[in-house]
Amino acid sequence: NSNGIKVTPMPKTPSADHPLPSCVNNQGLFSTHFLADRLPAPEWAQEALAVFDKLKAKYESGSDLAESWNEAQTENEFIRPALEMLGWHFIPQVPLTKGGKHNVPDYALFGDAATKTKATRHQKQPEKFFPLALAIADAKYWGRALDAESPGDVRDEASNANPGFQIINYLVSSDVAWGILTNGRVWRLYAQRVRSRTTTFYEVNLEEALQAGNAEAFRYFALFFHRAAFQPDPATGQCFLDRVLAESADYAVQVQDELKELVFERIVPLLVQ
């Protein structure tokens with residue numbers, strides 16, 4: 001079924017020095033070598049990868065103007081169409097007040113139209129609205145830096161805010177498991193459950209993957225940002241991202257243990273000679 005996460009290994013990216021495509025920037029959210037060596041191919045992989053041609057055509061239709069877009073234009077011209085192509089149903093700008101703090105995430109993302117309709121009825125009740133969302137998304141103008149304030153930036157109404165801090169604030173306030181931050185060019189994935197939330201993320205330069213016409217690189221975008229990646233499996237309650245996060249952590253521990261064993265077997269005997 002479309003929620004299934006039965007997996008088979010995908011081919012390893014052929015470079016030991018750079019195990020992932022150059023458009024991928026994994027900042028500790030997953031194990032890089034797990035992504036390169038063991039990344040699962042879910043049952044819905046072909047559905048996600050099929051977005052490539054449409055998304056590339058959408059990008060090319062506006063790429064010459066993208067650098068001049070403000071935030072609203074970036075959302076209208078590229079981010080919202082991209083979210084729709086990725087299978088998302090969304091509701092924009094629902095306020096969230098918690099602990100005296102007032103936040104307005106750009107998008108609450110839902111897995112289907114029925115859930116979106118249900119959530120629409122609870123827009124003034126955040127405690128009922130946000131538990132229905134699979135993810136929170138925040139959008140910035142095309143190419144805007146995602147790790148810094150931008151004082152005096154006429155294209156950013158929240159120029160004194162750090163986008164990375166903003167998305168984490170939204171995640172914590174809403175208690176939603178996953179967050180997406182994007183400036184159209186670059187897409188980031190954040191997780192609620194990790195320790196160092198602001199510095200731990202998974203990032204793909206979508207523009208680079210689309211310009212290169214590289215389907216192999218594009219799968220590292222599609223498999224992590226398509227709606228199906230966030231949809232829980234009814235049998236386990238886990239989504240694809242949950243599984244990759246857990247198996248990635250297990251793999252990192254396994255590799256660490258193997259390295260320790262290798263050191264003990266080969267290096268220690270040399271030291272005691």
# chains A, B, ... in the order shown; residues from 1 in each chain; ligands from 1

$ closest_atom_pairs --of "stretch 15-125 of chain A" --to "stretch 182-193 of chain A" --cutoff "8 Å" --atoms "only C-alpha atoms" --output "CSV"
residue,atom,partner,partner_atom,distance
A:Leu29,CA,A:Ala191,CA,7.8
A:Thr74,CA,A:Gly184,CA,6.9
A:Glu75,CA,A:Gly184,CA,7.9
A:Phe78,CA,A:Gly184,CA,6.7
A:Ile79,CA,A:Gly184,CA,5.9

$ write_last_selection --atoms "N, CA and C atoms" --output "CSV table (one decimal), in the first residue's frame"
chain,number,residue,atom,x,y,z
A,29,LEU,N,21.7,14.7,10.9
A,29,LEU,CA,20.3,14.2,11.2
A,29,LEU,C,20.3,12.7,10.9
A,74,THR,N,8.0,34.0,-4.3
A,74,THR,CA,8.7,32.7,-4.2
A,74,THR,C,7.7,31.6,-3.9
A,75,GLU,N,6.9,31.9,-2.9
A,75,GLU,CA,5.9,30.9,-2.5
A,75,GLU,C,4.9,30.6,-3.7
A,78,PHE,N,6.8,29.1,-7.0
A,78,PHE,CA,7.6,27.8,-6.9
A,78,PHE,C,7.2,26.9,-5.7
A,79,ILE,N,7.3,27.5,-4.5
A,79,ILE,CA,7.2,26.6,-3.3
A,79,ILE,C,5.8,25.9,-3.2

$ closest_atom_pairs --of "stretch 82-143 of chain A" --to "stretch 218-239 of chain A" --cutoff "8 Å" --atoms "only C-alpha atoms" --output "tab-separated table"
residue	atom	partner	partner_atom	distance
A:Leu86	CA	A:His226	CA	4.7
A:Gly87	CA	A:Arg227	CA	5.2
A:Trp88	CA	A:Arg227	CA	5.5
A:Gly111	CA	A:Arg227	CA	6.3
A:Leu134	CA	A:Phe230	CA	6.2
A:Ala135	CA	A:Phe230	CA	7.6

$ closest_atom_pairs --of "stretch 18-130 of chain A" --to "stretch 199-207 of chain A" --cutoff "8 Å" --atoms "only C-alpha atoms" --output "tab-separated table"
residue	atom	partner	partner_atom	distance
A:Cys23	CA	A:Asn205	CA	4.9
A:Val24	CA	A:Val204	CA	4.6
A:Asn25	CA	A:Glu203	CA	4.9
A:Asn26	CA	A:Tyr202	CA	4.5
A:Gln27	CA	A:Phe201	CA	5.1
A:Gly28	CA	A:Thr200	CA	5.4
A:Leu29	CA	A:Phe201	CA	5.1
A:Phe30	CA	A:Tyr202	CA	7.5
A:Tyr59	CA	A:Glu207	CA	7.9

$ select_by_dssp --residues "stretch 26-255 of chain A" --states "strand (DSSP E)" --output "ChimeraX atom specification"
/A:26-27,89-92,96-98,101-103,107-110,135-139,178-182,186-191,201-205

$ residues_around --residues "A:Pro95" --least-positions-apart "6" --cutoff "9 Å" --atoms "only C-alpha atoms" --output "ChimeraX atom specification"
/A:102-105,123-124,126

$ write_last_selection --atoms "C-alpha atoms" --output "PDB file, in the first residue's frame"
ATOM      1  CA  HIS A 102       2.696  34.032  19.238  1.00  0.00           C
ATOM      2  CA  ASN A 103       3.888  32.199  16.138  1.00  0.00           C
ATOM      3  CA  VAL A 104       2.505  31.870  12.623  1.00  0.00           C
ATOM      4  CA  PRO A 105       4.102  29.003  10.648  1.00  0.00           C
ATOM      5  CA  GLN A 123      -7.981  26.608  13.021  1.00  0.00           C
ATOM      6  CA  LYS A 124      -8.829  28.547  16.183  1.00  0.00           C
ATOM      7  CA  PRO A 126      -4.230  24.893  17.868  1.00  0.00           C
TER       8      PRO A 126
END

$ select_by_dssp --residues "stretch 93-208 of chain A" --states "helix (DSSP H, G or I)" --output "JSON, numbers by chain"
{"A": [113, 114, 115, 116, 117, 118, 119, 120, 126, 127, 128, 129, 130, 131, 132, 163, 164, 165, 166, 167, 168, 169, 170, 171, 172, 173, 174, 197, 198, 199, 206, 207, 208]}

$ closest_residue --among "A:Ala36, A:Val172, A:Leu65, A:Ala82" --to "A:Ala48" --atoms "only C-alpha atoms"
A:Ala82

$ residues_around --residues "A:Glu67" --least-positions-apart "5" --cutoff "9 Å" --atoms "only C-alpha atoms" --output "PDB file with C-alpha atoms, in the first residue's frame"
ATOM      1  CA  TYR A 141      12.404  34.302  -0.554  1.00  0.00           C
ATOM      2  CA  TRP A 142      14.484  32.651  -3.258  1.00  0.00           C
ATOM      3  CA  GLY A 143      18.036  32.024  -2.087  1.00  0.00           C
TER       4      GLY A 143
END

$ atom_distance --atom1 "atom CA of A:Gln93" --atom2 "atom CA of A:Thr117"
15.4 Å

$ atom_distance --atom1 "atom CA of A:Glu216" --atom2 "atom CA of A:Pro40"
13.8 Å
